[in-house]
$ cat structure-v9.cif   # mmCIF, C-alpha atoms
data_entry
loop_
_atom_site.group_PDB
_atom_site.id
_atom_site.type_symbol
_atom_site.label_atom_id
_atom_site.label_comp_id
_atom_site.auth_asym_id
_atom_site.auth_seq_id
_atom_site.Cartn_x
_atom_site.Cartn_y
_atom_site.Cartn_z
ATOM 1 C CA MET A 1 89.629 100.176 55.529
ATOM 2 C CA ILE A 2 90.307 103.113 57.817
ATOM 3 C CA SER A 3 90.236 106.571 56.256
ATOM 4 C CA ILE A 4 93.141 108.959 56.744
ATOM 5 C CA TYR A 5 92.191 112.609 56.999
ATOM 6 C CA LEU A 6 95.183 114.749 56.021
ATOM 7 C CA PHE A 7 94.885 118.401 56.971
ATOM 8 C CA SER A 8 97.585 120.230 55.016
ATOM 9 C CA LYS A 9 98.162 122.587 52.098
ATOM 10 C CA ASN A 10 101.961 122.372 52.332
ATOM 11 C CA SER A 11 103.496 121.064 49.090
ATOM 12 C CA LYS A 12 106.273 119.189 50.941
ATOM 13 C CA VAL A 13 103.734 117.419 53.113
ATOM 14 C CA LEU A 14 101.558 116.486 50.134
ATOM 15 C CA SER A 15 104.653 115.181 48.352
ATOM 16 C CA PHE A 16 105.610 113.134 51.419
ATOM 17 C CA PHE A 17 102.243 111.337 51.302
ATOM 18 C CA LYS A 18 102.262 110.761 47.525
ATOM 19 C CA LYS A 19 102.661 106.963 47.736
ATOM 20 C CA ILE A 20 100.060 106.761 50.473
ATOM 21 C CA ARG A 21 97.541 108.720 48.424
ATOM 22 C CA ASN A 22 98.040 106.333 45.503
ATOM 23 C CA SER A 23 98.076 103.166 47.604
ATOM 24 C CA LYS A 24 95.149 100.755 47.666
ATOM 25 C CA ALA A 25 95.924 100.058 51.323
ATOM 26 C CA PHE A 26 94.598 103.438 52.420
ATOM 27 C CA SER A 27 91.803 105.875 51.746
ATOM 28 C CA MET A 28 93.205 109.382 52.140
ATOM 29 C CA VAL A 29 91.182 112.591 52.044
ATOM 30 C CA ILE A 30 92.940 115.980 52.007
ATOM 31 C CA TYR A 31 91.464 119.013 53.714
ATOM 32 C CA ASN A 32 92.415 122.624 54.309
ATOM 33 C CA PRO A 33 93.813 122.797 57.875
ATOM 34 C CA VAL A 34 91.754 125.855 58.787
ATOM 35 C CA ASN A 35 88.592 123.744 58.534
ATOM 36 C CA TYR A 36 89.789 121.023 60.905
ATOM 37 C CA LYS A 37 87.350 121.688 63.710
ATOM 38 C CA SER A 38 84.162 121.763 61.638
ATOM 39 C CA ILE A 39 85.172 118.630 59.722
ATOM 40 C CA LEU A 40 86.267 116.591 62.736
ATOM 41 C CA ARG A 41 83.263 117.675 64.759
ATOM 42 C CA ASN A 42 80.851 116.189 62.244
ATOM 43 C CA THR A 43 82.623 112.990 61.226
ATOM 44 C CA THR A 44 81.250 109.668 62.480
ATOM 45 C CA GLU A 45 83.387 107.196 60.506
ATOM 46 C CA LYS A 46 86.508 105.454 61.758
ATOM 47 C CA ILE A 47 89.415 107.723 60.839
ATOM 48 C CA PHE A 48 93.050 108.461 61.513
ATOM 49 C CA VAL A 49 94.009 112.142 61.450
ATOM 50 C CA TYR A 50 97.258 113.726 60.287
ATOM 51 C CA ILE A 51 97.281 117.462 60.860
ATOM 52 C CA ASP A 52 99.903 119.954 59.695
ATOM 53 C CA VAL A 53 100.562 122.695 62.248
ATOM 54 C CA SER A 54 102.632 124.904 59.920
ATOM 55 C CA SER A 55 99.576 126.857 58.751
ATOM 56 C CA PHE A 56 98.925 128.224 62.238
ATOM 57 C CA GLU A 57 100.466 130.988 64.308
ATOM 58 C CA ASN A 58 101.733 130.090 67.775
ATOM 59 C CA SER A 59 98.523 130.833 69.697
ATOM 60 C CA GLU A 60 96.315 129.050 67.162
ATOM 61 C CA ARG A 61 98.738 126.113 67.042
ATOM 62 C CA LYS A 62 98.396 125.662 70.802
ATOM 63 C CA LYS A 63 94.600 125.712 70.494
ATOM 64 C CA LEU A 64 94.786 123.146 67.690
ATOM 65 C CA ILE A 65 96.972 120.761 69.699
ATOM 66 C CA SER A 66 94.770 121.221 72.760
ATOM 67 C CA TYR A 67 91.687 120.371 70.693
ATOM 68 C CA ILE A 68 93.199 117.332 68.974
ATOM 69 C CA THR A 69 94.630 115.830 72.159
ATOM 70 C CA ARG A 70 91.263 116.067 73.920
ATOM 71 C CA GLN A 71 89.549 113.883 71.342
ATOM 72 C CA ASN A 72 88.964 110.172 71.925
ATOM 73 C CA ARG A 73 87.062 109.400 68.719
ATOM 74 C CA PHE A 74 90.177 109.003 66.579
ATOM 75 C CA ASP A 75 93.948 108.579 66.757
ATOM 76 C CA PHE A 76 96.196 111.221 65.254
ATOM 77 C CA GLY A 77 99.643 112.260 64.112
ATOM 78 C CA ILE A 78 101.158 115.754 64.166
ATOM 79 C CA ILE A 79 103.035 117.141 61.143
ATOM 80 C CA ASP A 80 105.539 119.878 61.950
ATOM 81 C CA PRO A 81 107.437 120.942 58.778
ATOM 82 C CA LYS A 82 109.082 123.922 60.491
ATOM 83 C CA ASN A 83 109.985 122.147 63.762
ATOM 84 C CA CYS A 84 107.878 124.658 65.681
ATOM 85 C CA ILE A 85 107.132 122.222 68.504
ATOM 86 C CA SER A 86 109.972 122.307 71.013
ATOM 87 C CA ASP A 87 109.052 119.100 72.860
ATOM 88 C CA PRO A 88 107.614 116.499 70.441
ATOM 89 C CA ALA A 89 107.780 113.745 73.077
ATOM 90 C CA GLU A 90 105.061 115.538 75.039
ATOM 91 C CA LEU A 91 102.694 114.932 72.130
ATOM 92 C CA PHE A 92 102.945 111.184 72.691
ATOM 93 C CA TYR A 93 102.051 111.637 76.357
ATOM 94 C CA LYS A 94 98.954 113.488 75.142
ATOM 95 C CA GLY A 95 97.873 110.793 72.718
ATOM 96 C CA ALA A 96 99.770 111.237 69.456
ATOM 97 C CA SER A 97 100.572 108.127 67.426
ATOM 98 C CA ASP A 98 103.116 109.874 65.194
ATOM 99 C CA TYR A 99 105.200 113.027 64.845
ATOM 100 C CA LEU A 100 106.638 114.130 61.494
ATOM 101 C CA GLY A 101 109.210 116.880 61.769
ATOM 102 C CA LYS A 102 111.299 118.655 59.146
ATOM 103 C CA ASP A 103 113.822 115.827 58.682
ATOM 104 C CA ALA A 104 111.196 113.093 58.464
ATOM 105 C CA LEU A 105 109.455 114.924 55.611
ATOM 106 C CA LYS A 106 112.561 114.915 53.381
ATOM 107 C CA GLN A 107 111.666 111.448 52.099
ATOM 108 C CA GLU A 108 108.402 109.935 50.911
ATOM 109 C CA ALA A 109 106.264 108.102 53.452
ATOM 110 C CA LYS A 110 106.558 104.331 53.399
ATOM 111 C CA ILE A 111 103.416 102.249 53.532
ATOM 112 C CA ASN A 112 104.740 100.056 56.369
ATOM 113 C CA ARG A 113 105.474 103.114 58.488
ATOM 114 C CA ILE A 114 101.953 104.449 58.108
ATOM 115 C CA LYS A 115 100.508 101.013 58.891
ATOM 116 C CA LYS A 116 102.566 100.815 62.080
ATOM 117 C CA THR A 117 101.494 104.328 63.029
ATOM 118 C CA ILE A 118 97.809 103.614 62.579
ATOM 119 C CA ASN A 119 98.189 100.423 64.606
ATOM 120 C CA PHE A 120 100.248 102.076 67.334
ATOM 121 C CA TYR A 121 97.147 102.235 69.571
ATOM 122 C CA SER A 122 94.852 99.936 67.651
ATOM 123 C CA ILE A 123 94.469 96.180 67.258
ATOM 124 C CA GLU A 124 93.194 96.246 63.684
ATOM 125 C CA SER A 125 95.341 97.286 60.715
ATOM 126 C CA ALA A 126 94.319 99.827 58.099
ATOM 127 C CA GLU A 127 93.293 96.937 55.865
ATOM 128 C CA GLY A 128 91.167 95.298 58.510
ATOM 129 C CA GLU A 129 93.649 92.509 59.215
ATOM 130 C CA GLU A 130 94.708 91.700 62.734
ATOM 131 C CA LEU A 131 98.365 92.374 63.365
ATOM 132 C CA PRO A 132 100.411 90.930 66.221
ATOM 133 C CA THR A 133 100.483 93.391 69.095
ATOM 134 C CA PRO A 134 103.042 93.597 71.856
ATOM 135 C CA VAL A 135 102.468 91.374 74.866
ATOM 136 C CA PHE A 136 103.107 93.411 77.981
ATOM 137 C CA GLU A 137 102.278 90.846 80.632
ATOM 138 C CA ASP A 138 105.896 89.595 80.725
ATOM 139 C CA MET A 139 107.468 93.015 81.159
ATOM 140 C CA PRO A 140 110.795 92.702 83.003
ATOM 141 C CA THR A 141 110.735 94.328 86.407
ATOM 142 C CA MET A 142 113.494 96.418 87.927
ATOM 143 C CA LEU A 143 112.180 96.955 91.445
ATOM 144 C CA SER A 144 112.552 100.540 92.595
ATOM 145 C CA GLY A 145 111.921 99.692 96.252
ATOM 146 C CA HIS A 146 109.324 100.922 98.735
ATOM 147 C CA ASN A 147 110.662 104.496 98.908
ATOM 148 C CA TRP A 148 112.777 106.937 96.887
ATOM 149 C CA ASP A 149 116.040 106.426 98.782
ATOM 150 C CA ASN A 150 117.777 104.273 96.174
ATOM 151 C CA ILE A 151 116.211 105.744 93.037
ATOM 152 C CA LYS A 152 118.797 107.595 90.969
ATOM 153 C CA VAL A 153 118.028 110.234 88.360
ATOM 154 C CA GLY A 154 118.795 108.896 84.876
ATOM 155 C CA SER A 155 118.363 105.215 85.773
ATOM 156 C CA GLU A 156 115.451 103.021 84.688
ATOM 157 C CA TYR A 157 113.101 101.356 87.161
ATOM 158 C CA THR A 158 109.703 99.727 87.451
ATOM 159 C CA PHE A 159 107.120 102.002 89.053
ATOM 160 C CA CYS A 160 103.465 101.862 89.934
ATOM 161 C CA MET A 161 101.966 104.449 87.591
ATOM 162 C CA LEU A 162 98.708 106.199 88.371
ATOM 163 C CA TYR A 163 97.040 108.447 85.834
ATOM 164 C CA ILE A 164 94.490 110.610 87.641
ATOM 165 C CA GLU A 165 92.360 113.436 86.352
ATOM 166 C CA ILE A 166 89.640 115.475 87.984
ATOM 167 C CA ASP A 167 86.395 115.390 86.039
ATOM 168 C CA ILE A 168 86.097 119.060 85.180
ATOM 169 C CA LEU A 169 82.443 119.873 84.617
ATOM 170 C CA PRO A 170 81.811 121.128 81.054
ATOM 171 C CA GLU A 171 80.080 124.243 82.346
ATOM 172 C CA TRP A 172 83.162 125.098 84.403
ATOM 173 C CA ALA A 173 85.439 124.921 81.400
ATOM 174 C CA ALA A 174 82.993 126.849 79.202
ATOM 175 C CA LYS A 175 81.852 129.587 81.578
ATOM 176 C CA SER A 176 84.231 129.920 84.506
ATOM 177 C CA GLY A 177 87.344 131.112 82.744
ATOM 178 C CA LYS A 178 90.997 130.242 83.044
ATOM 179 C CA ALA A 179 91.495 131.773 86.504
ATOM 180 C CA HIS A 180 88.742 129.681 88.061
ATOM 181 C CA ILE A 181 89.969 126.439 86.466
ATOM 182 C CA GLU A 182 93.465 127.188 87.780
ATOM 183 C CA GLU A 183 91.978 127.665 91.253
ATOM 184 C CA VAL A 184 90.170 124.325 91.005
ATOM 185 C CA MET A 185 93.404 122.639 89.957
ATOM 186 C CA GLU A 186 95.305 124.159 92.898
ATOM 187 C CA PHE A 187 92.775 122.585 95.264
ATOM 188 C CA PHE A 188 93.017 119.315 93.363
ATOM 189 C CA TYR A 189 96.824 119.095 93.442
ATOM 190 C CA SER A 190 96.857 120.023 97.122
ATOM 191 C CA HIS A 191 94.299 117.305 97.869
ATOM 192 C CA LEU A 192 96.124 114.770 95.715
ATOM 193 C CA ASN A 193 99.451 115.401 97.430
ATOM 194 C CA LYS A 194 97.821 114.754 100.815
ATOM 195 C CA ILE A 195 96.742 111.341 99.517
ATOM 196 C CA ILE A 196 99.911 110.229 97.736
ATOM 197 C CA THR A 197 102.703 111.614 99.927
ATOM 198 C CA PRO A 198 102.174 109.162 102.843
ATOM 199 C CA ILE A 199 102.490 106.240 100.416
ATOM 200 C CA ASN A 200 105.584 107.687 98.683
ATOM 201 C CA GLY A 201 103.810 108.953 95.580
ATOM 202 C CA ARG A 202 105.145 111.834 93.508
ATOM 203 C CA LEU A 203 103.189 113.898 91.009
ATOM 204 C CA TRP A 204 105.623 113.438 88.133
ATOM 205 C CA MET A 205 103.909 115.020 85.118
ATOM 206 C CA LYS A 206 100.951 117.401 85.033
ATOM 207 C CA THR A 207 98.200 117.503 82.424
ATOM 208 C CA ASP A 208 95.476 120.115 81.947
ATOM 209 C CA TYR A 209 93.252 118.538 84.612
ATOM 210 C CA GLY A 210 95.446 115.995 86.396
ATOM 211 C CA GLY A 211 98.676 114.146 85.932
ATOM 212 C CA LEU A 212 100.835 111.056 86.229
ATOM 213 C CA VAL A 213 101.869 109.915 89.705
ATOM 214 C CA LEU A 214 104.847 107.587 90.251
ATOM 215 C CA PHE A 215 105.181 105.234 93.208
ATOM 216 C CA PRO A 216 108.304 103.176 93.953
ATOM 217 C CA TYR A 217 107.491 99.528 93.253
ATOM 218 C CA ASP A 218 108.597 96.792 95.635
ATOM 219 C CA GLY A 219 106.430 94.056 94.136
ATOM 220 C CA SER A 220 103.013 95.273 95.270
ATOM 221 C CA CYS A 221 100.593 98.129 94.510
ATOM 222 C CA THR A 222 98.127 97.223 97.278
ATOM 223 C CA SER A 223 98.406 100.439 99.310
ATOM 224 C CA ILE A 224 97.880 102.513 96.167
ATOM 225 C CA ILE A 225 94.801 100.518 95.179
ATOM 226 C CA ILE A 226 93.301 101.066 98.627
ATOM 227 C CA GLU A 227 93.818 104.842 98.433
ATOM 228 C CA CYS A 228 92.262 104.963 94.961
ATOM 229 C CA ILE A 229 89.239 103.060 96.253
ATOM 230 C CA LYS A 230 88.957 105.600 99.080
ATOM 231 C CA LEU A 231 89.017 108.444 96.545
ATOM 232 C CA VAL A 232 86.025 106.891 94.802
ATOM 233 C CA MET A 233 84.119 105.948 97.952
ATOM 234 C CA ASN A 234 84.728 109.188 99.875
ATOM 235 C CA ARG A 235 84.229 111.734 97.129
ATOM 236 C CA ILE A 236 81.235 113.323 98.870
ATOM 237 C CA ILE A 237 83.299 113.897 102.027
ATOM 238 C CA PHE A 238 86.333 115.038 100.038
ATOM 239 C CA SER A 239 84.188 117.459 98.031
ATOM 240 C CA ALA A 240 82.929 119.064 101.226
ATOM 241 C CA GLU A 241 86.210 119.091 103.158
ATOM 242 C CA GLU A 242 88.838 119.787 100.488
ATOM 243 C CA TYR A 243 87.029 122.039 98.027
ATOM 244 C CA THR A 244 85.034 125.254 98.373
ATOM 245 C CA TYR A 245 82.480 124.401 95.675
ATOM 246 C CA SER A 246 78.900 123.214 96.134
ATOM 247 C CA THR A 247 79.514 120.329 93.750
ATOM 248 C CA ILE A 248 80.362 116.668 94.291
ATOM 249 C CA LEU A 249 83.618 116.108 92.444
ATOM 250 C CA SER A 250 84.899 112.901 90.912
ATOM 251 C CA TYR A 251 88.079 111.551 89.341
ATOM 252 C CA ARG A 252 89.027 109.166 86.574
ATOM 253 C CA MET A 253 91.964 106.932 87.457
ATOM 254 C CA SER A 254 94.036 104.288 85.680
ATOM 255 C CA LEU A 255 96.693 102.192 87.415
ATOM 256 C CA ASP A 256 99.444 100.042 85.909
ATOM 257 C CA ILE A 257 103.014 98.893 86.493
ATOM 258 C CA GLY A 258 105.598 100.169 84.008
ATOM 259 C CA ASN A 259 109.245 100.790 83.291
ATOM 260 C CA THR A 260 110.743 104.207 82.674
ATOM 261 C CA LYS A 261 113.920 106.163 83.144
ATOM 262 C CA TYR A 262 113.462 108.427 86.124
ATOM 263 C CA LEU A 263 114.104 112.119 85.565
ATOM 264 C CA THR A 264 113.115 114.967 87.831
ATOM 265 C CA THR A 265 109.774 116.705 87.356
ATOM 266 C CA GLY A 266 110.041 119.374 84.687
ATOM 267 C CA ASN A 267 112.860 117.560 82.880
ATOM 268 C CA THR A 268 110.859 114.680 81.437
ATOM 269 C CA GLY A 269 110.434 116.018 77.895
ATOM 270 C CA ASN A 270 112.901 113.618 76.276
ATOM 271 C CA ILE A 271 111.665 110.431 77.945
ATOM 272 C CA ILE A 272 110.712 107.691 75.484
ATOM 273 C CA SER A 273 108.845 104.953 77.334
ATOM 274 C CA ASP A 274 106.196 102.513 76.118
ATOM 275 C CA SER A 275 104.909 102.298 79.684
ATOM 276 C CA VAL A 276 104.496 106.066 80.020
ATOM 277 C CA ASN A 277 102.828 106.275 76.613
ATOM 278 C CA PHE A 278 100.448 103.476 77.588
ATOM 279 C CA ILE A 279 99.396 104.929 80.952
ATOM 280 C CA PHE A 280 98.603 108.295 79.345
ATOM 281 C CA HIS A 281 96.451 106.642 76.713
ATOM 282 C CA PHE A 282 94.891 104.297 79.247
ATOM 283 C CA GLY A 283 93.871 107.359 81.249
ATOM 284 C CA LYS A 284 92.927 109.697 78.418
ATOM 285 C CA GLN A 285 91.427 107.413 75.781
ATOM 286 C CA TYR A 286 89.956 104.567 77.831
ATOM 287 C CA ALA A 287 89.019 105.799 81.296
ATOM 288 C CA SER A 288 85.580 107.333 81.657
ATOM 289 C CA THR A 289 84.240 109.868 84.134
ATOM 290 C CA GLY A 290 84.297 108.840 87.784
ATOM 291 C CA ASN A 291 85.806 105.402 87.160
ATOM 292 C CA PHE A 292 88.879 103.588 88.503
ATOM 293 C CA TYR A 293 90.597 101.035 86.272
ATOM 294 C CA LEU A 294 93.626 98.812 86.642
ATOM 295 C CA THR A 295 95.479 96.338 84.453
ATOM 296 C CA GLY A 296 95.589 92.582 84.882
ATOM 297 C CA ARG A 297 99.060 92.585 86.372
ATOM 298 C CA VAL A 298 97.901 94.964 89.104
ATOM 299 C CA HIS A 299 94.693 93.008 89.760
ATOM 300 C CA GLU A 300 96.551 90.413 91.848
ATOM 301 C CA ASP A 301 97.432 93.158 94.368
ATOM 302 C CA ILE A 302 93.783 93.881 95.221
ATOM 303 C CA PRO A 303 93.162 92.868 98.854
ATOM 304 C CA PRO A 304 91.091 89.634 98.957
ATOM 305 C CA GLY A 305 88.213 91.353 100.750
ATOM 306 C CA LEU A 306 87.885 93.873 97.900
ATOM 307 C CA LEU A 307 88.205 91.561 94.911
ATOM 308 C CA ASP A 308 84.430 91.451 94.400
ATOM 309 C CA LYS A 309 84.465 95.238 93.955
ATOM 310 C CA PHE A 310 86.184 94.845 90.586
ATOM 311 C CA GLY A 311 84.958 93.289 87.381
ATOM 312 C CA PRO A 312 86.518 92.657 83.960
ATOM 313 C CA SER A 313 86.274 95.429 81.379
ATOM 314 C CA GLU A 314 87.076 95.555 77.668
ATOM 315 C CA ARG A 315 90.702 94.885 76.772
ATOM 316 C CA PHE A 316 92.828 97.863 75.845
ATOM 317 C CA GLU A 317 95.980 97.704 73.715
ATOM 318 C CA ASP A 318 96.185 93.939 74.259
ATOM 319 C CA ARG A 319 95.989 94.208 78.034
ATOM 320 C CA THR A 320 93.469 92.801 80.460
ATOM 321 C CA ILE A 321 91.574 95.595 82.226
ATOM 322 C CA TYR A 322 89.455 95.600 85.382
ATOM 323 C CA ARG A 323 87.054 98.327 86.498
ATOM 324 C CA MET A 324 85.903 99.156 89.993
ATOM 325 C CA LYS A 325 82.166 98.721 90.541
ATOM 326 C CA LEU A 326 80.979 102.185 91.461
ATOM 327 C CA PRO A 327 78.959 102.840 94.611
ATOM 328 C CA ILE A 328 75.499 104.312 94.200
ATOM 329 C CA PHE A 329 75.198 107.730 95.808
ATOM 330 C CA LYS A 330 71.672 108.845 96.688
#
$ encode --input "structure-v9.cif" --output "structure tokens"
Amino acid sequence: MISIYLFSKNSKVLSFFKKIRNSKAFSMVIYNPVNYKSILRNTTEKIFVYIDVSSFENSERKKLISYITRQNRFDFGIIDPKNCISDPAELFYKGASDYLGKDALKQEAKINRIKKTINFYSIESAEGEELPTPVFEDMPTMLSGHNWDNIKVGSEYTFCMLYIEIDILPEWAAKSGKAHIEEVMEFFYSHLNKIITPINGRLWMKTDYGGLVLFPYDGSCTSIIIECIKLVMNRIIFSAEEYTYSTILSYRMSLDIGNTKYLTTGNTGNIISDSVNFIFHFGKQYASTGNFYLTGRVHEDIPPGLLDKFGPSERFEDRTIYRMKLPIFK
């Protein structure tokens, strides 16, 4: 049985979870929100976290959300009794499994809802039983073509989706300060645009250290796979030519095919897309430093001469995953 850690001292929130607290299907522990970091830092058990942001001022709330969305040891839901968060959809892109705003908290939580939430990015249910998970391999395709000429804002298409993030060294983030990290990211985005523009890629959404790139899909992702392989193989050259730091840089990348409504960059806050949610979690929760992964439905686009450079990896959210075999740099 998975434990639910509820960080809240709000009476409406506690009332909302009354049935859940009394249910035998869940083990719920309630904590003061101000202690979230020390508690979550030390926990080793399998947990799901609900955290109430209403106890925090704006600056502290941003730090809280930044901390929670960086974690990969547990899934989480955000509780927002005052509707302080202007763009809840962005939370899902950053890893949230649930969002409870002011209206949602007017009724008591239903057990089935909480079960579905906990299983949103997990194969096992809260009771340890396997639940049927969506099968994505038969996703309908709406080809967007090989360029952007016929793609209309507001319409839905199938795209190649690449989640890419530079592996920011911990000492950079801890010691270098915000200005230096912003400088690193400027170099990174400039370098990335040089790679993706010739193959019709667009940096669609930015994250703290990377982003989501869309490519029009005409039935093949081969050219994108080749460029991703080059990013892995040539990182020593790229580090010397594109960056001004005496460090060999690396990237984590995840590639899939998915459907989404296309909106212009900066206006994507209201997009609800299973494919977009998946690629963000594939990149943030699954991908590890310096690695390039792709899903089973992209695997068939690997050029025959490069097939032996990829091997099967652990499944993720009911999808077959392959990982590139990394070169050994001496």
$ residues_around --input "structure-v9.cif" --residues "range 301-308 of chain A" --least-positions-apart "5" --cutoff "10 Å" --atoms "all atoms listed in the file" --output "list in words"
Gly219, Ser220, Cys221, Thr222, Ser223, Ile224, Ile225, Ile226, Ile229, Leu294, Gly296, Met324 and Lys325 of chain A
$ closest_residue --input "structure-v9.cif" --among "A:Trp204, A:Phe187, A:Phe92, A:Tyr217" --to "Leu249 in chain A" --atoms "only C-alpha atoms"
A:Phe187
$ resolve_selection --input "structure-v9.cif" --expression "the PyMOL selection byres ((chain A and resi 13) around 10)" --output "PyMOL selection string"
chain A and resi 6-12+14-18+52+79-81+100+102+105-109
$ residues_around --input "structure-v9.cif" --residues "range 277-281 of chain A" --least-positions-apart "6" --cutoff "9 Å" --atoms "all atoms listed in the file" --output "list in words"
Phe92, Tyr93, Lys94, Gly95, Tyr121, Met161, Leu162, Tyr163, Gly211, Leu212, Ser254, Leu255, Asp256, Ile257, Gly258, Ala287 and Glu317 of chain A
$ resolve_selection --input "structure-v9.cif" --expression "the PyMOL selection byres ((chain A and resi 191-196) around 10)" --output "PyMOL selection string"
chain A and resi 164+185-190+197-203+210+213-215+224+227-228+230-231+238+241-243
$ resolve_selection --input "structure-v9.cif" --expression "the PyMOL selection byres ((chain A and resi 142-156) around 7)" --output "list of chain:residue names"
A:Pro140, A:Thr141, A:Tyr157, A:Thr158, A:Phe159, A:Asn200, A:Pro216, A:Tyr217, A:Asp218, A:Gly219, A:Asn259, A:Thr260, A:Lys261, A:Tyr262, A:Leu263, A:Thr264
$ closest_residue --input "structure-v9.cif" --among "A:Ile20, A:Ile118, A:Met233, A:Val34" --to "Phe56 in chain A" --atoms "only C-alpha atoms"
A:Val34
$ atom_distance --input "structure-v9.cif" --atom1 "CA of Asp167 in chain A" --atom2 "CA of Tyr209 in chain A"
7.7 Å
$ closest_residue --input "structure-v9.cif" --among "A:Tyr67, A:His299, A:Phe74, A:Met205" --to "Ser38 in chain A" --atoms "all atoms listed in the file"
A:Tyr67
$ closest_residue --input "structure-v9.cif" --among "A:Ser66, A:Ser3, A:Ser59, A:Thr268" --to "Thr43 in chain A" --atoms "all atoms listed in the file"
A:Ser3
$ closest_residue --input "structure-v9.cif" --among "A:Ala89, A:Val29, A:Val53, A:Cys84" --to "Asp274 in chain A" --atoms "only C-alpha atoms"
A:Ala89
$ atom_distance --input "structure-v9.cif" --atom1 "CA of Ile39 in chain A" --atom2 "CA of Ala25 in chain A"
23.0 Å
$ atom_distance --input "structure-v9.cif" --atom1 "CA of Ile47 in chain A" --atom2 "CA of Tyr5 in chain A"
6.8 Å
$ residues_near_point --input "structure-v9.cif" --point "(95.3, 93.2, 84.4)" --cutoff "9 Å" --atoms "only C-alpha atoms" --output "PyMOL selection string"
chain A and resi 137+256+294-300+312+319-322
$ write_last_selection --input "structure-v9.cif" --atoms "C-alpha atoms" --output "compact mmCIF listing (two decimals), in the frame of the given file"
# COMPACT_ATOMS: atom_id res chain seq x y z
CA GLU A 137 102.28 90.85 80.63
CA ASP A 256 99.44 100.04 85.91
CA LEU A 294 93.63 98.81 86.64
CA THR A 295 95.48 96.34 84.45
CA GLY A 296 95.59 92.58 84.88
CA ARG A 297 99.06 92.58 86.37
CA VAL A 298 97.90 94.96 89.10
CA HIS A 299 94.69 93.01 89.76
CA GLU A 300 96.55 90.41 91.85
CA PRO A 312 86.52 92.66 83.96
CA ARG A 319 95.99 94.21 78.03
CA THR A 320 93.47 92.80 80.46
CA ILE A 321 91.57 95.60 82.23
CA TYR A 322 89.46 95.60 85.38
$ closest_residue --input "structure-v9.cif" --among "A:Met28, A:Val232, A:Ile166, A:Ile51" --to "Gly283 in chain A" --atoms "only C-alpha atoms"
A:Ile166
